[in-house]
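As provided, coords38.pdb (PDB, C-alpha atoms, pLDDT in the B column) reads as follows.
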ATOM      1  CA  MET A   1      -1.481  -0.850 -13.598  1.00 67.00           C
ATOM      2  CA  THR A   2       1.802   0.970 -14.055  1.00 85.00           C
ATOM      3  CA  LEU A   3       1.980   4.442 -12.588  1.00 93.00           C
ATOM      4  CA  SER A   4       3.885   7.240 -14.279  1.00 94.00           C
ATOM      5  CA  GLU A   5       6.289   9.378 -12.272  1.00 95.00           C
ATOM      6  CA  SER A   6       3.854  12.310 -12.273  1.00 96.00           C
ATOM      7  CA  GLN A   7       1.103  10.049 -10.939  1.00 96.00           C
ATOM      8  CA  LYS A   8       3.407   8.725  -8.209  1.00 96.00           C
ATOM      9  CA  LYS A   9       4.355  12.278  -7.275  1.00 97.00           C
ATOM     10  CA  TYR A  10       0.671  13.199  -7.057  1.00 97.00           C
ATOM     11  CA  LEU A  11      -0.077  10.144  -4.874  1.00 97.00           C
ATOM     12  CA  ARG A  12       2.921  10.859  -2.628  1.00 97.00           C
ATOM     13  CA  GLY A  13       1.473  14.319  -2.041  1.00 97.00           C
ATOM     14  CA  LEU A  14      -1.901  12.831  -1.102  1.00 96.00           C
ATOM     15  CA  GLY A  15      -0.280  10.222   1.130  1.00 96.00           C
ATOM     16  CA  HIS A  16       2.026  12.591   2.977  1.00 95.00           C
ATOM     17  CA  ASP A  17      -0.331  13.192   5.919  1.00 95.00           C
ATOM     18  CA  LEU A  18      -1.751   9.660   6.052  1.00 96.00           C
ATOM     19  CA  LYS A  19      -1.050   7.450   9.036  1.00 97.00           C
ATOM     20  CA  PRO A  20      -0.418   3.707   8.592  1.00 96.00           C
ATOM     21  CA  VAL A  21      -3.756   1.878   8.709  1.00 95.00           C
ATOM     22  CA  ILE A  22      -2.333  -1.636   8.409  1.00 94.00           C
ATOM     23  CA  GLU A  23       0.530  -2.888  10.566  1.00 94.00           C
ATOM     24  CA  VAL A  24       2.285  -6.146   9.801  1.00 93.00           C
ATOM     25  CA  GLY A  25       3.801  -7.522  12.986  1.00 87.00           C
ATOM     26  CA  ASN A  26       5.804 -10.562  13.993  1.00 79.00           C
ATOM     27  CA  ALA A  27       2.982 -12.890  12.911  1.00 80.00           C
ATOM     28  CA  GLY A  28       3.588 -11.848   9.314  1.00 85.00           C
ATOM     29  CA  LEU A  29       0.961 -11.895   6.597  1.00 90.00           C
ATOM     30  CA  SER A  30      -1.859 -13.872   8.168  1.00 91.00           C
ATOM     31  CA  GLU A  31      -5.143 -14.615   6.441  1.00 92.00           C
ATOM     32  CA  SER A  32      -7.021 -12.106   8.607  1.00 92.00           C
ATOM     33  CA  LEU A  33      -4.433  -9.390   7.908  1.00 93.00           C
ATOM     34  CA  LEU A  34      -4.703  -9.979   4.154  1.00 94.00           C
ATOM     35  CA  ASN A  35      -8.512  -9.773   4.370  1.00 95.00           C
ATOM     36  CA  GLU A  36      -8.296  -6.501   6.300  1.00 95.00           C
ATOM     37  CA  PHE A  37      -5.756  -5.211   3.770  1.00 95.00           C
ATOM     38  CA  GLU A  38      -8.158  -5.963   0.895  1.00 95.00           C
ATOM     39  CA  LEU A  39     -11.105  -4.261   2.583  1.00 95.00           C
ATOM     40  CA  THR A  40      -9.075  -1.194   3.547  1.00 95.00           C
ATOM     41  CA  LEU A  41      -7.559  -0.832   0.083  1.00 95.00           C
ATOM     42  CA  ASP A  42     -11.007  -1.152  -1.533  1.00 93.00           C
ATOM     43  CA  HIS A  43     -12.358   1.581   0.690  1.00 93.00           C
ATOM     44  CA  HIS A  44      -9.462   4.082   0.619  1.00 95.00           C
ATOM     45  CA  GLU A  45      -7.513   3.273  -2.604  1.00 96.00           C
ATOM     46  CA  LEU A  46      -4.364   4.860  -1.116  1.00 97.00           C
ATOM     47  CA  ILE A  47      -3.040   3.510   2.190  1.00 97.00           C
ATOM     48  CA  LYS A  48       0.099   3.362   4.267  1.00 97.00           C
ATOM     49  CA  VAL A  49       1.278   0.015   5.591  1.00 97.00           C
ATOM     50  CA  LYS A  50       3.843  -0.356   8.360  1.00 96.00           C
ATOM     51  CA  VAL A  51       5.879  -3.556   8.242  1.00 95.00           C
ATOM     52  CA  ARG A  52       7.691  -4.550  11.418  1.00 91.00           C
ATOM     53  CA  ALA A  53      10.009  -7.277  10.188  1.00 80.00           C
ATOM     54  CA  GLY A  54      13.461  -8.343  11.274  1.00 76.00           C
ATOM     55  CA  ASP A  55      15.478  -7.067   8.361  1.00 84.00           C
ATOM     56  CA  HIS A  56      15.340  -5.100   5.133  1.00 88.00           C
ATOM     57  CA  GLU A  57      14.902  -8.169   2.914  1.00 90.00           C
ATOM     58  CA  GLN A  58      11.968  -9.497   4.947  1.00 90.00           C
ATOM     59  CA  ARG A  59      10.226  -6.115   4.755  1.00 91.00           C
ATOM     60  CA  ASP A  60      10.764  -5.970   0.992  1.00 92.00           C
ATOM     61  CA  ALA A  61       9.383  -9.493   0.605  1.00 92.00           C
ATOM     62  CA  MET A  62       6.276  -8.729   2.675  1.00 93.00           C
ATOM     63  CA  ILE A  63       5.599  -5.498   0.793  1.00 95.00           C
ATOM     64  CA  ALA A  64       6.046  -7.302  -2.536  1.00 95.00           C
ATOM     65  CA  THR A  65       3.617 -10.012  -1.387  1.00 95.00           C
ATOM     66  CA  LEU A  66       1.042  -7.397  -0.365  1.00 95.00           C
ATOM     67  CA  CYS A  67       1.371  -5.693  -3.742  1.00 96.00           C
ATOM     68  CA  LYS A  68       1.077  -8.963  -5.627  1.00 95.00           C
ATOM     69  CA  THR A  69      -1.858 -10.444  -3.698  1.00 94.00           C
ATOM     70  CA  GLY A  70      -3.686  -7.117  -3.519  1.00 93.00           C
ATOM     71  CA  LYS A  71      -2.847  -6.111  -7.105  1.00 95.00           C
ATOM     72  CA  ALA A  72      -1.626  -2.806  -5.700  1.00 97.00           C
ATOM     73  CA  ASP A  73       1.130  -0.486  -6.859  1.00 97.00           C
ATOM     74  CA  LEU A  74       3.959   0.517  -4.576  1.00 97.00           C
ATOM     75  CA  VAL A  75       4.059   4.305  -4.711  1.00 97.00           C
ATOM     76  CA  GLN A  76       6.795   4.868  -2.139  1.00 97.00           C
ATOM     77  CA  ARG A  77       8.660   3.097   0.606  1.00 95.00           C
ATOM     78  CA  ILE A  78      10.453   4.882   3.405  1.00 94.00           C
ATOM     79  CA  GLY A  79      11.962   2.634   6.044  1.00 91.00           C
ATOM     80  CA  SER A  80       9.283   0.286   7.285  1.00 93.00           C
ATOM     81  CA  VAL A  81       6.352   2.268   5.830  1.00 96.00           C
ATOM     82  CA  ALA A  82       5.007   1.650   2.325  1.00 97.00           C
ATOM     83  CA  LEU A  83       2.464   3.738   0.439  1.00 98.00           C
ATOM     84  CA  LEU A  84       0.244   1.514  -1.726  1.00 98.00           C
ATOM     85  CA  TYR A  85      -2.369   2.403  -4.333  1.00 97.00           C
ATOM     86  CA  ARG A  86      -5.072   0.406  -6.056  1.00 96.00           C
ATOM     87  CA  PRO A  87      -8.004   2.074  -7.810  1.00 94.00           C
ATOM     88  CA  ASN A  88     -11.475   0.875  -6.942  1.00 91.00           C
ATOM     89  CA  PRO A  89     -13.335   0.410 -10.244  1.00 86.00           C
ATOM     90  CA  ASP A  90     -16.735   0.759  -8.530  1.00 88.00           C
ATOM     91  CA  LYS A  91     -16.034   3.893  -6.465  1.00 87.00           C
ATOM     92  CA  LYS A  92     -13.191   6.013  -7.792  1.00 85.00           C
ATOM     93  CA  ARG A  93     -12.067   8.308  -4.982  1.00 87.00           C
ATOM     94  CA  ILE A  94      -8.774   9.464  -6.469  1.00 92.00           C
ATOM     95  CA  ARG A  95      -8.482  10.952  -9.945  1.00 91.00           C
ATOM     96  CA  LEU A  96      -4.954  10.541 -11.241  1.00 92.00           C
ATOM     97  CA  PRO A  97      -3.351  13.100 -13.548  1.00 90.00           C
ATOM     98  CA  HIS A  98      -2.398  11.848 -17.005  1.00 81.00           C
TER      99      HIS A  98
END
Please go through the file and, once you have read it, give me the structure as structure tokens.
Amino acid sequence: MTLSESQKKYLRGLGHDLKPVIEVGNAGLSESLLNEFELTLDHHELIKVKVRAGDHEQRDAMIATLCKTGKADLVQRIGSVALLYRPNPDKKRIRLPH
């Protein structure tokens, strides 16, 4: 799913007060972390992920991997925190503007 700029702006507004619910540490993207990521994204649709990696390129790679494996859209990235969105087809919690 490709988000329009107005949809991203809307999601950024919703995500402003959210705290990171997933933290990627030195162990990287383990199987258990990816499972927790999937469950959390299914439940909330919009989550913040904090990536504690050595450098900028590693963080970008981990965020890209999360987006690809979770079929999520990157809404915003500030420093080590990424805001990710994936609609849940069974239980829509967030209604995006058109």
Separation of CA of Leu34 (chain A) from CA of Gln7 (chain A), in Å and rounded to one decimal: 25.7 Å
Nearest-residue call for Val51 (chain A), choices A:Glu31, A:Asp90, A:Asp73, A:Glu23, using all atoms listed in the file: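 Closest to Val51 (chain A) of all the choices is A:Glu23.
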Explicit residue set for the PyMOL selection byres ((chain A and resi 12) around 12), as a PyMOL selection string: chain A and resi 3+5-11+13-18+46-48+74-78+82-85+96
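Surrounding residues of (-9.8, -3.4, -1.5) at most 12 Å away are Leu34, Asn35, Glu36, Phe37, Glu38, Leu39, Thr40, Leu41, Asp42, His43, His44, Glu45, Leu46, Ile47, Leu66, Cys67, Thr69, Gly70, Lys71, Ala72, Leu84, Tyr85, Arg86, Pro87, Asn88, Pro89, Asp90, Lys91 and Lys92 of chain A (based on all atoms listed in the file).
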Interatomic distance, CA of Arg93 (chain A) to CA of Ser32 (chain A) (Å, one decimal):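 Result for CA of Arg93 (chain A) versus CA of Ser32 (chain A): 25.0 Å, one decimal.
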Point (10.1, -8.1, 0.8) neighbourhood (12 Å, only C-alpha atoms) written as an NGL selection string: :A and (28-29 or 51-68 or 74 or 77 or 80 or 82)
Computed interatomic separation between CA of Lys19 (chain A) and CA of Pro97 (chain A) (Å):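 CA of Pro97 (chain A) lies 23.4 Å from CA of Lys19 (chain A).
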Of the listed residues A:Thr2, A:Ile94, A:Pro20, A:Gly79, that which approaches Val49 (chain A) most closely, counting only C-alpha atoms: A:Pro20
Rebuild region 14-43 of chain A so that it carries N, CA and C atoms, then output the result as a JSON list (two decimals), in the frame of the given file.
[["chain", "number", "residue", "atom", "x", "y", "z"],
["A", 14, "LEU", "N", -0.66, 13.20, -1.80],
["A", 14, "LEU", "CA", -1.90, 12.83, -1.10],
["A", 14, "LEU", "C", -1.60, 11.98, 0.14],
["A", 15, "GLY", "N", -0.59, 11.14, 0.04],
["A", 15, "GLY", "CA", -0.28, 10.22, 1.13],
["A", 15, "GLY", "C", 0.58, 10.80, 2.23],
["A", 16, "HIS", "N", 1.09, 12.00, 2.02],
["A", 16, "HIS", "CA", 2.03, 12.59, 2.98],
["A", 16, "HIS", "C", 1.48, 12.62, 4.40],
["A", 17, "ASP", "N", 0.25, 13.04, 4.58],
["A", 17, "ASP", "CA", -0.33, 13.19, 5.92],
["A", 17, "ASP", "C", -1.05, 11.94, 6.42],
["A", 18, "LEU", "N", -1.08, 10.89, 5.63],
["A", 18, "LEU", "CA", -1.75, 9.66, 6.05],
["A", 18, "LEU", "C", -0.95, 8.95, 7.13],
["A", 19, "LYS", "N", -1.66, 8.30, 8.02],
["A", 19, "LYS", "CA", -1.05, 7.45, 9.04],
["A", 19, "LYS", "C", -1.20, 6.00, 8.57],
["A", 20, "PRO", "N", -0.27, 5.12, 8.96],
["A", 20, "PRO", "CA", -0.42, 3.71, 8.59],
["A", 20, "PRO", "C", -1.71, 3.12, 9.16],
["A", 21, "VAL", "N", -2.49, 2.48, 8.29],
["A", 21, "VAL", "CA", -3.76, 1.88, 8.71],
["A", 21, "VAL", "C", -3.64, 0.36, 8.85],
["A", 22, "ILE", "N", -2.60, -0.20, 8.28],
["A", 22, "ILE", "CA", -2.33, -1.64, 8.41],
["A", 22, "ILE", "C", -0.92, -1.78, 8.98],
["A", 23, "GLU", "N", -0.79, -2.62, 10.00],
["A", 23, "GLU", "CA", 0.53, -2.89, 10.57],
["A", 23, "GLU", "C", 0.79, -4.39, 10.52],
["A", 24, "VAL", "N", 1.88, -4.75, 9.87],
["A", 24, "VAL", "CA", 2.28, -6.15, 9.80],
["A", 24, "VAL", "C", 3.28, -6.37, 10.92],
["A", 25, "GLY", "N", 2.94, -7.27, 11.84],
["A", 25, "GLY", "CA", 3.80, -7.52, 12.99],
["A", 25, "GLY", "C", 4.60, -8.80, 12.83],
["A", 26, "ASN", "N", 4.98, -9.36, 13.98],
["A", 26, "ASN", "CA", 5.80, -10.56, 13.99],
["A", 26, "ASN", "C", 5.09, -11.77, 13.41],
["A", 27, "ALA", "N", 3.75, -11.76, 13.44],
["A", 27, "ALA", "CA", 2.98, -12.89, 12.91],
["A", 27, "ALA", "C", 3.04, -12.94, 11.39],
["A", 28, "GLY", "N", 3.47, -11.86, 10.77],
["A", 28, "GLY", "CA", 3.59, -11.85, 9.31],
["A", 28, "GLY", "C", 2.25, -11.60, 8.64],
["A", 29, "LEU", "N", 2.15, -12.12, 7.42],
["A", 29, "LEU", "CA", 0.96, -11.90, 6.60],
["A", 29, "LEU", "C", -0.06, -13.00, 6.81],
["A", 30, "SER", "N", -0.84, -12.88, 7.86],
["A", 30, "SER", "CA", -1.86, -13.87, 8.17],
["A", 30, "SER", "C", -3.06, -13.68, 7.25],
["A", 31, "GLU", "N", -3.92, -14.67, 7.26],
["A", 31, "GLU", "CA", -5.14, -14.62, 6.44],
["A", 31, "GLU", "C", -6.03, -13.43, 6.84],
["A", 32, "SER", "N", -6.18, -13.21, 8.14],
["A", 32, "SER", "CA", -7.02, -12.11, 8.61],
["A", 32, "SER", "C", -6.40, -10.76, 8.24],
["A", 33, "LEU", "N", -5.09, -10.63, 8.29],
["A", 33, "LEU", "CA", -4.43, -9.39, 7.91],
["A", 33, "LEU", "C", -4.63, -9.12, 6.42],
["A", 34, "LEU", "N", -4.50, -10.15, 5.59],
["A", 34, "LEU", "CA", -4.70, -9.98, 4.15],
["A", 34, "LEU", "C", -6.14, -9.59, 3.83],
["A", 35, "ASN", "N", -7.10, -10.15, 4.57],
["A", 35, "ASN", "CA", -8.51, -9.77, 4.37],
["A", 35, "ASN", "C", -8.74, -8.31, 4.74],
["A", 36, "GLU", "N", -8.17, -7.90, 5.87],
["A", 36, "GLU", "CA", -8.30, -6.50, 6.30],
["A", 36, "GLU", "C", -7.62, -5.57, 5.31],
["A", 37, "PHE", "N", -6.48, -5.99, 4.78],
["A", 37, "PHE", "CA", -5.76, -5.21, 3.77],
["A", 37, "PHE", "C", -6.63, -5.00, 2.54],
["A", 38, "GLU", "N", -7.27, -6.05, 2.07],
["A", 38, "GLU", "CA", -8.16, -5.96, 0.90],
["A", 38, "GLU", "C", -9.31, -4.99, 1.13],
["A", 39, "LEU", "N", -9.97, -5.12, 2.27],
["A", 39, "LEU", "CA", -11.10, -4.26, 2.58],
["A", 39, "LEU", "C", -10.68, -2.79, 2.70],
["A", 40, "THR", "N", -9.56, -2.56, 3.35],
["A", 40, "THR", "CA", -9.07, -1.19, 3.55],
["A", 40, "THR", "C", -8.67, -0.57, 2.22],
["A", 41, "LEU", "N", -8.00, -1.34, 1.38],
["A", 41, "LEU", "CA", -7.56, -0.83, 0.08],
["A", 41, "LEU", "C", -8.76, -0.55, -0.82],
["A", 42, "ASP", "N", -9.78, -1.40, -0.76],
["A", 42, "ASP", "CA", -11.01, -1.15, -1.53],
["A", 42, "ASP", "C", -11.66, 0.16, -1.12],
["A", 43, "HIS", "N", -11.67, 0.40, 0.18],
["A", 43, "HIS", "CA", -12.36, 1.58, 0.69],
["A", 43, "HIS", "C", -11.57, 2.87, 0.44]]
